[in-house]
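One file, structure-v2.txt, carrying compact mmCIF, C-alpha atoms and all ligand atoms:
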```
# COMPACT_ATOMS: atom_id res chain seq x y z
CA MET A 1 -22.28 70.67 -36.45
CA ARG A 2 -23.55 68.45 -33.66
CA LYS A 3 -22.24 69.01 -30.15
CA THR A 4 -24.39 66.46 -28.35
CA LEU A 5 -24.83 62.72 -28.73
CA TYR A 6 -27.93 60.75 -27.80
CA TYR A 7 -27.68 57.40 -26.11
CA GLY A 8 -29.76 54.57 -24.74
CA MET A 9 -29.14 51.96 -22.08
CA VAL A 10 -29.83 48.26 -21.74
CA GLY A 11 -29.80 47.37 -18.04
CA ALA A 12 -28.92 50.09 -15.56
CA SER A 13 -32.21 50.45 -13.71
CA LEU A 14 -32.23 52.84 -10.77
CA SER A 15 -31.37 50.08 -8.32
CA SER A 16 -28.54 48.57 -10.37
CA PHE A 17 -24.93 48.91 -9.33
CA ILE A 18 -22.83 50.03 -12.25
CA GLY A 19 -25.46 51.41 -14.62
CA VAL A 20 -25.82 54.41 -12.36
CA VAL A 21 -22.06 54.99 -12.46
CA HIS A 22 -22.21 54.99 -16.26
CA ARG A 23 -24.82 57.74 -16.27
CA ILE A 24 -22.81 59.82 -13.82
CA GLY A 25 -19.61 59.28 -15.83
CA ILE A 26 -21.31 60.31 -19.06
CA SER A 27 -22.79 63.41 -17.45
CA PHE A 28 -19.38 64.81 -16.41
CA ASP A 29 -18.70 66.49 -19.74
CA GLY A 30 -22.30 67.24 -20.69
CA ARG A 31 -21.95 65.98 -24.26
CA ALA A 32 -24.50 63.11 -24.29
CA LYS A 33 -28.13 62.76 -23.29
CA MET A 34 -30.01 59.57 -22.43
CA VAL A 35 -33.16 59.34 -24.55
CA ALA A 36 -34.04 55.63 -24.69
CA GLY A 37 -33.78 52.46 -22.69
CA CYS A 38 -34.69 48.97 -21.72
CA PHE A 39 -33.48 49.37 -18.17
CA SER A 40 -34.82 46.12 -16.81
CA THR A 41 -36.85 43.08 -17.79
CA ASN A 42 -38.93 43.93 -14.73
CA ALA A 43 -41.60 46.25 -16.19
CA LYS A 44 -42.00 48.27 -12.98
CA LYS A 45 -38.27 48.92 -12.61
CA ASN A 46 -38.02 49.72 -16.31
CA GLN A 47 -40.79 52.31 -16.07
CA GLU A 48 -39.53 53.80 -12.79
CA THR A 49 -36.12 54.38 -14.30
CA ALA A 50 -37.58 55.87 -17.48
CA ASP A 51 -39.83 58.17 -15.44
CA PHE A 52 -36.98 59.29 -13.21
CA TYR A 53 -34.93 60.38 -16.23
CA GLU A 54 -37.95 61.65 -18.17
CA VAL A 55 -37.38 59.30 -21.09
CA ASP A 56 -40.07 59.73 -23.76
CA GLN A 57 -42.61 56.92 -23.35
CA ASN A 58 -42.20 55.97 -27.03
CA ARG A 59 -38.57 55.15 -26.33
CA VAL A 60 -39.04 52.94 -23.27
CA TYR A 61 -38.73 49.37 -24.50
CA ALA A 62 -39.74 46.04 -22.99
CA SER A 63 -36.79 44.17 -24.51
CA TYR A 64 -33.39 44.89 -26.03
CA GLU A 65 -34.61 43.31 -29.29
CA GLU A 66 -37.49 45.77 -29.56
CA MET A 67 -35.18 48.65 -28.64
CA ALA A 68 -32.48 47.78 -31.19
CA GLU A 69 -34.99 47.30 -33.98
CA LYS A 70 -37.13 50.37 -33.30
CA GLU A 71 -34.22 52.68 -32.55
CA GLY A 72 -32.45 51.44 -35.68
CA LYS A 73 -35.40 52.58 -37.79
CA ARG A 74 -35.73 56.07 -36.31
CA GLU A 75 -34.29 59.03 -38.13
CA ASP A 76 -33.18 60.41 -34.77
CA LYS A 77 -31.90 57.05 -33.53
CA ILE A 78 -29.56 56.88 -30.58
CA ASP A 79 -25.90 57.33 -31.47
CA PHE A 80 -24.72 54.68 -29.04
CA VAL A 81 -26.02 52.12 -26.60
CA VAL A 82 -24.57 51.33 -23.20
CA ILE A 83 -25.01 47.69 -22.21
CA SER A 84 -24.91 47.48 -18.44
CA ALA A 85 -26.88 44.32 -17.84
CA PRO A 86 -25.59 40.95 -16.55
CA ASN A 87 -23.05 39.03 -18.61
CA ASN A 88 -25.45 36.71 -20.45
CA VAL A 89 -27.14 39.74 -22.01
CA HIS A 90 -23.98 41.28 -23.52
CA TYR A 91 -23.37 39.31 -26.71
CA LYS A 92 -26.91 39.12 -28.06
CA THR A 93 -27.63 42.74 -27.21
CA ALA A 94 -24.39 44.05 -28.71
CA LYS A 95 -25.07 42.05 -31.87
CA ALA A 96 -28.62 43.40 -32.19
CA PHE A 97 -27.49 47.03 -31.90
CA LEU A 98 -24.57 46.61 -34.29
CA GLU A 99 -26.93 45.04 -36.82
CA ASN A 100 -29.11 48.11 -36.49
CA GLY A 101 -26.23 50.51 -37.11
CA ILE A 102 -25.66 51.70 -33.54
CA HIS A 103 -22.26 52.07 -31.83
CA VAL A 104 -21.85 49.91 -28.72
CA LEU A 105 -20.24 50.42 -25.33
CA CYS A 106 -20.55 47.16 -23.40
CA GLU A 107 -19.67 46.12 -19.89
CA LYS A 108 -17.06 43.46 -19.22
CA PRO A 109 -16.72 40.52 -19.46
CA LEU A 110 -17.58 41.06 -23.12
CA CYS A 111 -19.32 37.71 -23.69
CA PHE A 112 -19.23 34.02 -22.85
CA GLU A 113 -17.29 32.65 -25.82
CA VAL A 114 -14.20 33.92 -27.67
CA GLU A 115 -15.97 33.19 -30.98
CA GLU A 116 -18.82 35.49 -29.95
CA GLY A 117 -16.35 38.29 -29.31
CA GLU A 118 -14.70 37.75 -32.68
CA GLU A 119 -18.08 37.76 -34.37
CA LEU A 120 -18.94 41.09 -32.71
CA LYS A 121 -15.59 42.51 -33.78
CA LYS A 122 -16.14 41.46 -37.38
CA LEU A 123 -19.66 42.86 -37.38
CA ALA A 124 -18.52 46.20 -35.94
CA GLU A 125 -15.77 46.45 -38.55
CA GLU A 126 -18.11 45.58 -41.42
CA LYS A 127 -20.59 48.18 -40.27
CA GLY A 128 -17.94 50.80 -39.52
CA LEU A 129 -19.11 51.04 -35.91
CA PHE A 130 -17.16 51.74 -32.73
CA PHE A 131 -17.08 49.24 -29.87
CA CYS A 132 -15.83 49.90 -26.36
CA VAL A 133 -15.59 47.37 -23.52
CA ASN A 134 -15.76 49.13 -20.19
CA TYR A 135 -12.58 48.23 -18.34
CA SER A 136 -13.12 51.15 -16.05
CA TYR A 137 -9.82 51.24 -14.18
CA SER A 138 -7.97 52.14 -17.37
CA GLY A 139 -9.71 55.51 -17.07
CA ASN A 140 -7.81 56.37 -13.88
CA ASN A 141 -5.32 59.18 -14.15
CA MET A 142 -2.58 57.30 -12.30
CA VAL A 143 -3.09 54.14 -14.34
CA LYS A 144 -2.42 56.27 -17.40
CA GLU A 145 0.61 57.78 -15.67
CA ALA A 146 1.97 54.29 -14.97
CA ARG A 147 1.48 53.38 -18.62
CA GLU A 148 3.28 56.51 -19.81
CA LEU A 149 6.22 55.96 -17.43
CA ILE A 150 6.54 52.31 -18.43
CA ARG A 151 6.35 53.22 -22.14
CA ALA A 152 9.11 55.76 -21.61
CA GLY A 153 11.34 53.04 -20.12
CA LYS A 154 11.38 54.50 -16.60
CA ILE A 155 11.49 51.09 -14.89
CA GLY A 156 13.39 49.31 -17.65
CA ARG A 157 12.41 45.94 -19.06
CA ILE A 158 9.52 44.32 -17.23
CA ILE A 159 10.62 41.16 -15.46
CA ASN A 160 7.83 40.44 -12.98
CA VAL A 161 4.22 41.40 -12.22
CA ASN A 162 2.36 40.91 -8.98
CA ALA A 163 -1.27 41.93 -8.98
CA GLU A 164 -4.31 41.21 -6.88
CA TYR A 165 -7.99 42.01 -6.69
CA LEU A 166 -9.21 41.05 -3.25
CA GLN A 167 -12.75 41.38 -1.89
CA GLU A 168 -14.42 39.76 1.10
CA TYR A 169 -18.10 39.97 0.22
CA LEU A 170 -18.65 36.28 -0.52
CA VAL A 171 -16.80 34.83 2.45
CA ASP A 172 -20.05 33.64 4.05
CA ASP A 173 -20.69 31.43 1.01
CA VAL A 174 -17.63 29.32 1.77
CA GLY A 175 -18.81 25.80 2.47
CA ASP A 176 -22.53 26.56 2.16
CA THR A 177 -24.45 23.77 0.53
CA GLU A 178 -26.47 24.55 -2.56
CA ASP A 179 -29.85 24.48 -0.81
CA LYS A 180 -28.59 27.07 1.67
CA MET A 181 -27.23 29.47 -0.91
CA VAL A 182 -29.38 32.39 0.14
CA LYS A 183 -26.44 34.68 -0.40
CA LEU A 184 -26.26 33.44 -3.95
CA SER A 185 -29.04 35.83 -4.85
CA SER A 186 -26.60 37.65 -7.07
CA TRP A 187 -26.58 36.63 -10.73
CA ARG A 188 -22.77 36.66 -10.55
CA LYS A 189 -22.79 33.18 -9.06
CA ASP A 190 -25.25 31.64 -11.51
CA PRO A 191 -23.42 30.02 -14.47
CA LYS A 192 -26.38 30.65 -16.79
CA VAL A 193 -26.07 34.39 -16.19
CA ALA A 194 -22.43 34.96 -15.27
CA GLY A 195 -20.80 32.39 -17.58
CA ILE A 196 -18.12 29.84 -16.74
CA SER A 197 -16.53 31.91 -13.99
CA ASN A 198 -17.59 34.21 -11.20
CA CYS A 199 -14.44 35.50 -9.54
CA VAL A 200 -12.04 35.40 -12.50
CA GLY A 201 -14.70 36.74 -14.88
CA ASP A 202 -15.87 39.50 -12.59
CA ILE A 203 -12.67 40.86 -11.08
CA GLY A 204 -9.81 38.75 -12.47
CA THR A 205 -10.53 40.33 -15.85
CA HIS A 206 -9.90 43.76 -14.30
CA ILE A 207 -6.43 42.60 -13.19
CA GLU A 208 -5.73 41.19 -16.63
CA ASN A 209 -6.81 44.38 -18.38
CA THR A 210 -5.17 46.85 -15.98
CA VAL A 211 -1.81 45.07 -16.28
CA ALA A 212 -2.15 44.82 -20.06
CA TYR A 213 -3.07 48.51 -20.31
CA MET A 214 -0.18 49.65 -18.10
CA THR A 215 2.50 47.43 -19.60
CA GLY A 216 1.42 46.73 -23.16
CA LEU A 217 2.32 43.08 -22.51
CA LYS A 218 0.13 40.26 -23.78
CA LEU A 219 -0.59 37.14 -21.81
CA LYS A 220 0.85 34.01 -23.37
CA ARG A 221 -0.27 31.33 -20.92
CA VAL A 222 -1.66 30.82 -17.44
CA ALA A 223 -1.57 28.15 -14.73
CA ALA A 224 -4.58 28.65 -12.48
CA LYS A 225 -5.93 27.12 -9.30
CA LEU A 226 -9.54 28.10 -8.63
CA ASP A 227 -11.43 27.47 -5.41
CA TYR A 228 -15.18 26.87 -5.51
CA PHE A 229 -15.82 26.14 -1.83
CA GLY A 230 -18.87 24.05 -2.72
CA GLN A 231 -20.39 26.68 -5.00
CA PRO A 232 -21.21 26.39 -8.71
CA LEU A 233 -18.64 29.01 -9.69
CA ASP A 234 -15.24 30.08 -8.39
CA LEU A 235 -14.84 32.43 -5.41
CA ASN A 236 -11.05 32.51 -5.30
CA ALA A 237 -8.26 32.17 -7.84
CA ASN A 238 -4.47 32.04 -7.70
CA ILE A 239 -3.03 32.38 -11.17
CA LEU A 240 0.53 32.14 -12.45
CA VAL A 241 0.92 34.04 -15.70
CA GLU A 242 3.49 34.24 -18.49
CA PHE A 243 3.74 37.23 -20.82
CA ASP A 244 4.83 37.47 -24.42
CA ASN A 245 8.17 39.01 -23.36
CA GLY A 246 8.96 35.90 -21.29
CA ALA A 247 8.31 37.56 -17.91
CA HIS A 248 6.12 35.89 -15.32
CA GLY A 249 3.68 37.13 -12.76
CA VAL A 250 1.07 36.21 -10.19
CA TYR A 251 -2.57 37.31 -10.19
CA CYS A 252 -4.70 36.73 -7.10
CA SER A 253 -8.41 37.26 -7.57
CA SER A 254 -10.68 36.62 -4.60
CA GLN A 255 -14.05 37.38 -3.06
CA VAL A 256 -13.33 35.60 0.21
CA CYS A 257 -10.48 37.70 1.64
CA VAL A 258 -11.66 39.18 4.92
CA GLY A 259 -10.61 42.78 5.38
CA HIS A 260 -10.46 43.61 1.68
CA MET A 261 -13.23 45.63 0.04
CA ASN A 262 -12.23 46.44 -3.51
CA GLY A 263 -8.50 45.81 -3.33
CA LEU A 264 -7.14 46.03 -6.82
CA VAL A 265 -3.37 46.44 -6.50
CA VAL A 266 -0.96 46.28 -9.42
CA ARG A 267 2.82 46.03 -8.98
CA ILE A 268 5.03 46.08 -12.04
CA PHE A 269 8.72 45.25 -11.60
CA GLY A 270 11.35 46.19 -14.15
CA THR A 271 15.12 45.94 -14.46
CA GLU A 272 15.47 49.60 -13.38
CA GLY A 273 12.62 50.06 -10.92
CA ALA A 274 9.07 49.31 -9.86
CA ILE A 275 5.61 50.88 -10.04
CA GLU A 276 2.68 50.24 -7.72
CA TRP A 277 -0.93 51.43 -8.02
CA VAL A 278 -3.57 50.82 -5.38
CA GLN A 279 -7.16 51.30 -6.53
CA GLU A 280 -8.46 52.25 -3.10
CA ASN A 281 -5.96 55.13 -3.04
CA PRO A 282 -6.09 55.90 -6.76
CA ASN A 283 -4.64 59.41 -6.81
CA ILE A 284 -1.12 58.33 -6.02
CA LEU A 285 1.42 56.16 -7.76
CA SER A 286 4.48 54.70 -6.05
CA VAL A 287 7.58 54.69 -8.20
CA THR A 288 10.85 53.22 -6.96
CA LEU A 289 14.00 53.43 -9.02
CA LYS A 290 16.80 50.99 -8.27
CA GLY A 291 18.91 52.19 -5.35
CA GLN A 292 16.63 55.16 -4.57
CA PRO A 293 13.92 55.81 -2.02
CA THR A 294 10.33 55.31 -3.15
CA GLN A 295 8.75 58.38 -4.73
CA ILE A 296 5.05 59.13 -4.35
CA TYR A 297 3.56 60.73 -7.46
CA ASN A 298 0.46 62.78 -6.74
CA ARG A 299 -2.27 63.25 -9.31
CA GLY A 300 -2.61 66.76 -10.63
CA MET A 301 0.99 67.87 -10.17
CA GLY A 302 3.10 69.57 -12.82
CA TYR A 303 5.49 66.65 -13.08
CA GLU A 304 2.80 64.34 -14.44
CA THR A 305 3.12 63.30 -18.08
CA ALA A 306 1.07 65.15 -20.68
CA ARG A 307 -1.43 62.32 -21.02
CA SER A 308 -2.27 62.33 -17.31
CA GLN A 309 -2.34 66.15 -17.23
CA ALA A 310 -4.91 65.99 -20.01
CA VAL A 311 -7.33 63.93 -17.94
CA ASN A 312 -7.02 65.89 -14.72
CA ARG A 313 -10.35 67.36 -13.72
CA LEU A 314 -9.60 68.71 -10.25
CA PRO A 315 -6.53 70.40 -8.77
CA SER A 316 -4.17 68.07 -6.91
CA GLY A 317 -5.29 66.95 -3.49
CA HIS A 318 -8.95 66.74 -4.45
CA PRO A 319 -9.60 63.01 -4.76
CA GLU A 320 -10.73 61.66 -8.10
CA GLY A 321 -11.95 58.08 -8.20
CA LEU A 322 -14.17 55.63 -10.02
CA TYR A 323 -16.69 58.17 -11.31
CA VAL A 324 -13.90 60.17 -12.92
CA ALA A 325 -12.33 57.02 -14.38
CA PHE A 326 -15.66 56.37 -16.11
CA ALA A 327 -15.87 60.00 -17.20
CA ASN A 328 -12.40 59.79 -18.76
CA ILE A 329 -13.32 56.73 -20.80
CA TYR A 330 -16.52 58.44 -21.89
CA ARG A 331 -14.76 61.65 -22.82
CA ASP A 332 -12.64 59.93 -25.47
CA TRP A 333 -15.54 57.72 -26.55
CA ILE A 334 -17.92 60.66 -27.00
CA GLU A 335 -15.32 62.90 -28.65
CA ALA A 336 -14.57 60.14 -31.17
CA LEU A 337 -18.25 59.55 -31.92
CA LEU A 338 -18.93 63.28 -32.26
CA LYS A 339 -16.25 63.34 -34.96
CA VAL A 340 -17.91 60.38 -36.65
CA VAL A 341 -21.37 61.97 -36.69
CA ASN A 342 -19.89 65.25 -37.92
CA GLY A 343 -18.04 63.48 -40.73
CA GLU A 344 -14.59 64.34 -39.36
CA PRO A 345 -11.61 61.96 -39.34
CA VAL A 346 -10.91 60.17 -36.05
CA ASP A 347 -7.29 59.81 -34.93
CA PRO A 348 -6.92 56.34 -33.31
CA ALA A 349 -4.29 57.81 -30.98
CA GLU A 350 -6.99 59.99 -29.44
CA CYS A 351 -9.27 57.01 -28.78
CA ASP A 352 -7.98 56.07 -25.33
CA PHE A 353 -10.88 53.81 -24.44
CA PRO A 354 -10.76 50.00 -24.19
CA LYS A 355 -11.50 48.42 -27.56
CA ILE A 356 -13.20 45.16 -28.41
CA ASP A 357 -9.81 43.41 -28.67
CA ALA A 358 -9.33 44.04 -24.95
CA GLY A 359 -12.74 42.49 -24.33
CA ILE A 360 -11.84 39.41 -26.37
CA GLU A 361 -8.52 39.07 -24.50
CA GLY A 362 -10.51 39.07 -21.25
CA VAL A 363 -12.74 36.23 -22.46
CA ARG A 364 -9.66 34.26 -23.58
CA PHE A 365 -8.13 34.79 -20.14
CA VAL A 366 -11.23 33.48 -18.34
CA HIS A 367 -11.40 30.38 -20.52
CA ALA A 368 -7.69 29.67 -20.11
CA CYS A 369 -7.95 29.94 -16.30
CA VAL A 370 -10.96 27.62 -16.08
CA GLU A 371 -9.32 25.11 -18.42
CA SER A 372 -6.06 25.21 -16.51
CA ASN A 373 -7.86 24.63 -13.23
CA ALA A 374 -9.64 21.61 -14.72
CA LYS A 375 -6.18 20.25 -15.65
CA ASP A 376 -4.86 20.63 -12.11
CA ALA A 377 -3.28 24.00 -12.80
CA ALA A 378 -1.37 22.92 -15.92
CA TRP A 379 -0.12 25.71 -18.21
CA VAL A 380 -2.75 26.66 -20.79
CA GLU A 381 -2.23 29.04 -23.74
CA VAL A 382 -4.39 32.17 -23.58
N1 LIG B 401 -16.51 47.92 -15.22
C1 LIG B 401 -16.77 47.79 -13.95
O1 LIG B 401 -16.05 48.32 -13.11
C2 LIG B 401 -17.97 47.00 -13.50
C3 LIG B 401 -18.42 47.06 -12.18
C4 LIG B 401 -19.59 46.35 -11.86
C5 LIG B 401 -20.24 45.59 -12.80
N2 LIG B 401 -19.75 45.52 -14.06
C6 LIG B 401 -20.44 44.74 -15.10
O2 LIG B 401 -21.65 45.43 -15.40
C7 LIG B 401 -22.69 44.51 -15.68
C8 LIG B 401 -23.87 44.81 -14.75
O3 LIG B 401 -23.46 44.61 -13.42
P1 LIG B 401 -24.25 45.26 -12.17
O4 LIG B 401 -23.42 44.98 -10.99
O5 LIG B 401 -24.64 46.66 -12.47
O6 LIG B 401 -25.54 44.33 -12.13
P2 LIG B 401 -26.94 44.68 -11.44
O7 LIG B 401 -27.59 43.36 -11.17
O8 LIG B 401 -26.75 45.64 -10.31
O9 LIG B 401 -27.74 45.45 -12.60
C9 LIG B 401 -28.10 44.80 -13.79
C10 LIG B 401 -29.23 45.58 -14.44
O10 LIG B 401 -29.57 44.95 -15.66
C11 LIG B 401 -31.00 44.75 -15.73
N3 LIG B 401 -31.25 43.62 -16.62
C12 LIG B 401 -31.06 42.30 -16.40
N4 LIG B 401 -31.36 41.60 -17.52
C13 LIG B 401 -31.75 42.49 -18.44
C14 LIG B 401 -32.19 42.38 -19.79
N5 LIG B 401 -32.28 41.19 -20.41
N6 LIG B 401 -32.53 43.52 -20.45
C15 LIG B 401 -32.46 44.72 -19.85
N7 LIG B 401 -32.03 44.89 -18.57
C16 LIG B 401 -31.68 43.79 -17.89
C17 LIG B 401 -31.40 44.55 -14.27
O11 LIG B 401 -32.78 44.83 -14.09
C18 LIG B 401 -30.50 45.61 -13.61
O12 LIG B 401 -31.06 46.90 -13.75
C19 LIG B 401 -22.08 43.13 -15.51
O13 LIG B 401 -21.71 42.60 -16.75
C20 LIG B 401 -20.84 43.36 -14.66
O14 LIG B 401 -19.81 42.43 -14.91
C21 LIG B 401 -18.64 46.22 -14.42
```
Represent the structure from my file as structure tokens, please.
Amino acid sequence: MRKTLYYGMVGASLSSFIGVVHRIGISFDGRAKMVAGCFSTNAKKNQETADFYEVDQNRVYASYEEMAEKEGKREDKIDFVVISAPNNVHYKTAKAFLENGIHVLCEKPLCFEVEEGEELKKLAEEKGLFFCVNYSYSGNNMVKEARELIRAGKIGRIINVNAEYLQEYLVDDVGDTEDKMVKLSSWRKDPKVAGISNCVGDIGTHIENTVAYMTGLKLKRVAAKLDYFGQPLDLNANILVEFDNGAHGVYCSSQVCVGHMNGLVVRIFGTEGAIEWVQENPNILSVTLKGQPTQIYNRGMGYETARSQAVNRLPSGHPEGLYVAFANIYRDWIEALLKVVNGEPVDPAECDFPKIDAGIEGVRFVHACVESNAKDAAWVEV
């Protein structure tokens, strides 16, 4: 019986942002080893990363195509690939690995077009392969606690949602002309690499997914006003949303809000109470029941629901954050795949990682917001 999985990465060179977090998250439970990669299209960075992690030279690849094909043919091929490269790389890379019989965990946003996402879903199903889209915040203990409390009816029927993801790091781009866009070094602001949206695609999708994960509600339509401030892609978005239960909400997604670093805040309002989760203080959850003072739930305490208890890694009072959120997603992902490789049945209820449907919903959301903005913030079906 196998106790370890082997994985490879596309993207995630030593100097990348989130690829490193993936490796740390995977390492938490010691059940998967990185043995292959195409870490960068820059040969030097690719080699440096491979050398640092002592990846066998035969398994360092110059392109994702070469990696998918050669790994697919090996008897000891990788069990799964992590795609942590810019957005334009996701679809074609995911497709290549699925075609070669390898499970895929891909960063968000899943792809550029909804049809691409549906094609990947169909391919994964046909091949009997697992597909995760890394909406990392769903791995947070207190996000899971919010979901459990909402499921149990603690705050009643949901009647309003107010959520924001505010950052300030692009404020200097406001009003810059294209020839002065030195700060636009990041691929996130290049439509060929990022897709049709920067701000909504990059962080708005996290709002959309975190709310969907906590509440179980589906978005029906959106009315969005995006601000470009002279840039090719949006830097700021104010979005009115309508859910399938008839409730409405407001999502604010911005990279030009001075004073805000990584301010994902989700407030869910129900007929009996309200829940608030603040990403920058992720170990607590505020719960207010109608007519009562606000209660602060602390991670790691005995009163947490069983699901949250199950993902606690440290005693209460010891902060857990983004790394642990990744580790929690990877724990379920790796446990499920270990069952697969050992020929054991997998219980879907134990697979608490974001599936490809969540990724497709995110792409739908981005398209609906961009279309709505083009129609002067008219309502557009998601
Ligand atoms: N889930 C999250 O919380 C979260 C956070 C940040 C970024 N992301 C997503 O992760 C992805 C990567 O973002 P990042 O901030 O780490 O970007 P980054 O620019 O820091 O790193 C991208 C890496 O991909 C490599 N790369 C580029 N093209 C490649 C190709 N064709 N083949 C192989 N490697 C290639 C680059 O060399 C680099 O190592 C994006 O899709 C982004 O939206 C998700």
Note to self: I'd like to know which of A:Leu170, A:Leu110, A:Met261, A:Val35 is closest to ligand LIG 401 (chain B), using all atoms listed in the file.
What the structure shows: A:Leu110
Could I get the residues of range 284-346 of chain A with an atom no further than 12 Å from an atom of range 75-81 of chain A, each paired with its nearest atom pair and that distance in Å to one decimal, using all atoms listed in the file, sorted by chain and residue number, as JSON lines?
```
{"residue": "A:Tyr330", "atom": "CA", "partner": "A:Phe80", "partner_atom": "CA", "distance": 11.5}
{"residue": "A:Trp333", "atom": "CA", "partner": "A:Phe80", "partner_atom": "CA", "distance": 10.0}
{"residue": "A:Ile334", "atom": "CA", "partner": "A:Phe80", "partner_atom": "CA", "distance": 9.3}
{"residue": "A:Ala336", "atom": "CA", "partner": "A:Asp79", "partner_atom": "CA", "distance": 11.7}
{"residue": "A:Leu337", "atom": "CA", "partner": "A:Asp79", "partner_atom": "CA", "distance": 8.0}
{"residue": "A:Leu338", "atom": "CA", "partner": "A:Asp79", "partner_atom": "CA", "distance": 9.2}
{"residue": "A:Lys339", "atom": "CA", "partner": "A:Asp79", "partner_atom": "CA", "distance": 11.9}
{"residue": "A:Val340", "atom": "CA", "partner": "A:Asp79", "partner_atom": "CA", "distance": 10.0}
{"residue": "A:Val341", "atom": "CA", "partner": "A:Asp79", "partner_atom": "CA", "distance": 8.3}
{"residue": "A:Asn342", "atom": "CA", "partner": "A:Asp79", "partner_atom": "CA", "distance": 11.9}
```
Check: Taking all atoms listed in the file into account, which residues are within 9 Å of ligand LIG 401 (chain B), as a PyMOL selection string?
Finding: chain A and resi 9-21+37-42+45-46+62-64+83-90+93+106-111+133-137+186-188+194+201-203+206+322+326
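Taking CA of Val380 in chain A and CA of Phe243 in chain A as endpoints, the distance between them is 12.4 Å.
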Notebook entry, point to check: Leaving out range 218-234 of chain A and any residue of its chain fewer than 6 positions from it, which residues lie within 6 Å of it when counting all atoms listed in the file, given as an NGL selection string?
Noted result: :A and (174-175 or 189 or 197-199 or 240-244 or 369 or 372-373 or 377-382)
Restricting it to C-alpha atoms, dump the selection as a PDB file, in the frame of the given file.
```
ATOM      1  CA  VAL A 174     -17.630  29.320   1.770  1.00  0.00           C
ATOM      2  CA  GLY A 175     -18.810  25.800   2.470  1.00  0.00           C
ATOM      3  CA  LYS A 189     -22.790  33.180  -9.060  1.00  0.00           C
ATOM      4  CA  SER A 197     -16.530  31.910 -13.990  1.00  0.00           C
ATOM      5  CA  ASN A 198     -17.590  34.210 -11.200  1.00  0.00           C
ATOM      6  CA  CYS A 199     -14.440  35.500  -9.540  1.00  0.00           C
ATOM      7  CA  LEU A 240       0.530  32.140 -12.450  1.00  0.00           C
ATOM      8  CA  VAL A 241       0.920  34.040 -15.700  1.00  0.00           C
ATOM      9  CA  GLU A 242       3.490  34.240 -18.490  1.00  0.00           C
ATOM     10  CA  PHE A 243       3.740  37.230 -20.820  1.00  0.00           C
ATOM     11  CA  ASP A 244       4.830  37.470 -24.420  1.00  0.00           C
ATOM     12  CA  CYS A 369      -7.950  29.940 -16.300  1.00  0.00           C
ATOM     13  CA  SER A 372      -6.060  25.210 -16.510  1.00  0.00           C
ATOM     14  CA  ASN A 373      -7.860  24.630 -13.230  1.00  0.00           C
ATOM     15  CA  ALA A 377      -3.280  24.000 -12.800  1.00  0.00           C
ATOM     16  CA  ALA A 378      -1.370  22.920 -15.920  1.00  0.00           C
ATOM     17  CA  TRP A 379      -0.120  25.710 -18.210  1.00  0.00           C
ATOM     18  CA  VAL A 380      -2.750  26.660 -20.790  1.00  0.00           C
ATOM     19  CA  GLU A 381      -2.230  29.040 -23.740  1.00  0.00           C
ATOM     20  CA  VAL A 382      -4.390  32.170 -23.580  1.00  0.00           C
TER      21      VAL A 382
END
```
Notebook entry, point to check: Can you tell me, as a list in words, what residues are no more than 8 Å from Thr215 in chain A when counting all atoms listed in the file, ignoring any on the same chain fewer than 5 positions away?
Noted result: Arg147, Ile150 and Arg151 of chain A
Note to self: Here is a test: counting only C-alpha atoms, which residue of A:Asn140, A:Pro319, A:Ile196, A:Asp357 is nearest to Glu371 in chain A?
What the structure shows: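 For Glu371 in chain A, the nearest of the given residues is A:Ile196.
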Checklist line | Nearest to Ala349 in chain A by atom-to-atom distance, counting all atoms listed in the file, from A:Lys44, A:Arg364, A:Lys375, A:Arg307 | finding: A:Arg307
Next item on the list: Kindly indicate which residue among A:Lys95, A:Lys144, A:Arg299, A:Lys70 lies nearest to Lys122 in chain A, using all atoms listed in the file for the distances.
Entry: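 Of the candidates, the smallest distance to Lys122 in chain A is held by A:Lys95.
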Check: Counting all atoms listed in the file, what is within 9 Å of Ala327 in chain A, bar same-chain residues fewer than 5 positions away, as JSON, numbers by chain?
Finding: {"A": [22, 24, 25, 26, 27, 28, 29, 139, 322, 332]}
Dump of C-alpha atoms for the selected residues, as a tab-separated table (two decimals), in the coordinates of the input:
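Here's the written file selection_4.tsv:
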```tsv
chain	number	residue	atom	x	y	z
A	22	HIS	CA	-22.21	54.99	-16.26
A	24	ILE	CA	-22.81	59.82	-13.82
A	25	GLY	CA	-19.61	59.28	-15.83
A	26	ILE	CA	-21.31	60.31	-19.06
A	27	SER	CA	-22.79	63.41	-17.45
A	28	PHE	CA	-19.38	64.81	-16.41
A	29	ASP	CA	-18.70	66.49	-19.74
A	139	GLY	CA	-9.71	55.51	-17.07
A	322	LEU	CA	-14.17	55.63	-10.02
A	332	ASP	CA	-12.64	59.93	-25.47
```
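Taking all atoms listed in the file into account, Arg157 in chain A lies nearest to A:Gly270 out of the set A:Gly246, A:Gln295, A:Met142, A:Gly270.
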Check: Which residue out of A:Asp190, A:Glu71, A:Glu276, A:Asp51 has the minimum interatomic distance to Tyr7 in chain A when all atoms listed in the file are used?
Finding: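 Ranking A:Asp190, A:Glu71, A:Glu276, A:Asp51 by distance to Tyr7 in chain A, first place goes to A:Glu71.
Separating CA of Leu98 in chain A from CA of Ala124 in chain A is a distance of 6.3 Å.
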Checklist line | Between CA of Glu69 in chain A and CA of Val363 in chain A - distance in Å to one decimal | finding: 27.4 Å
Margin query: Using only C-alpha atoms, list the residues that have an atom at most 9 Å from (-2.6, 54.2, -7.4), coordinates as in the file, as a VMD selection string.
Written below: chain A and resid 140 to 143 146 265 to 266 276 to 286 297
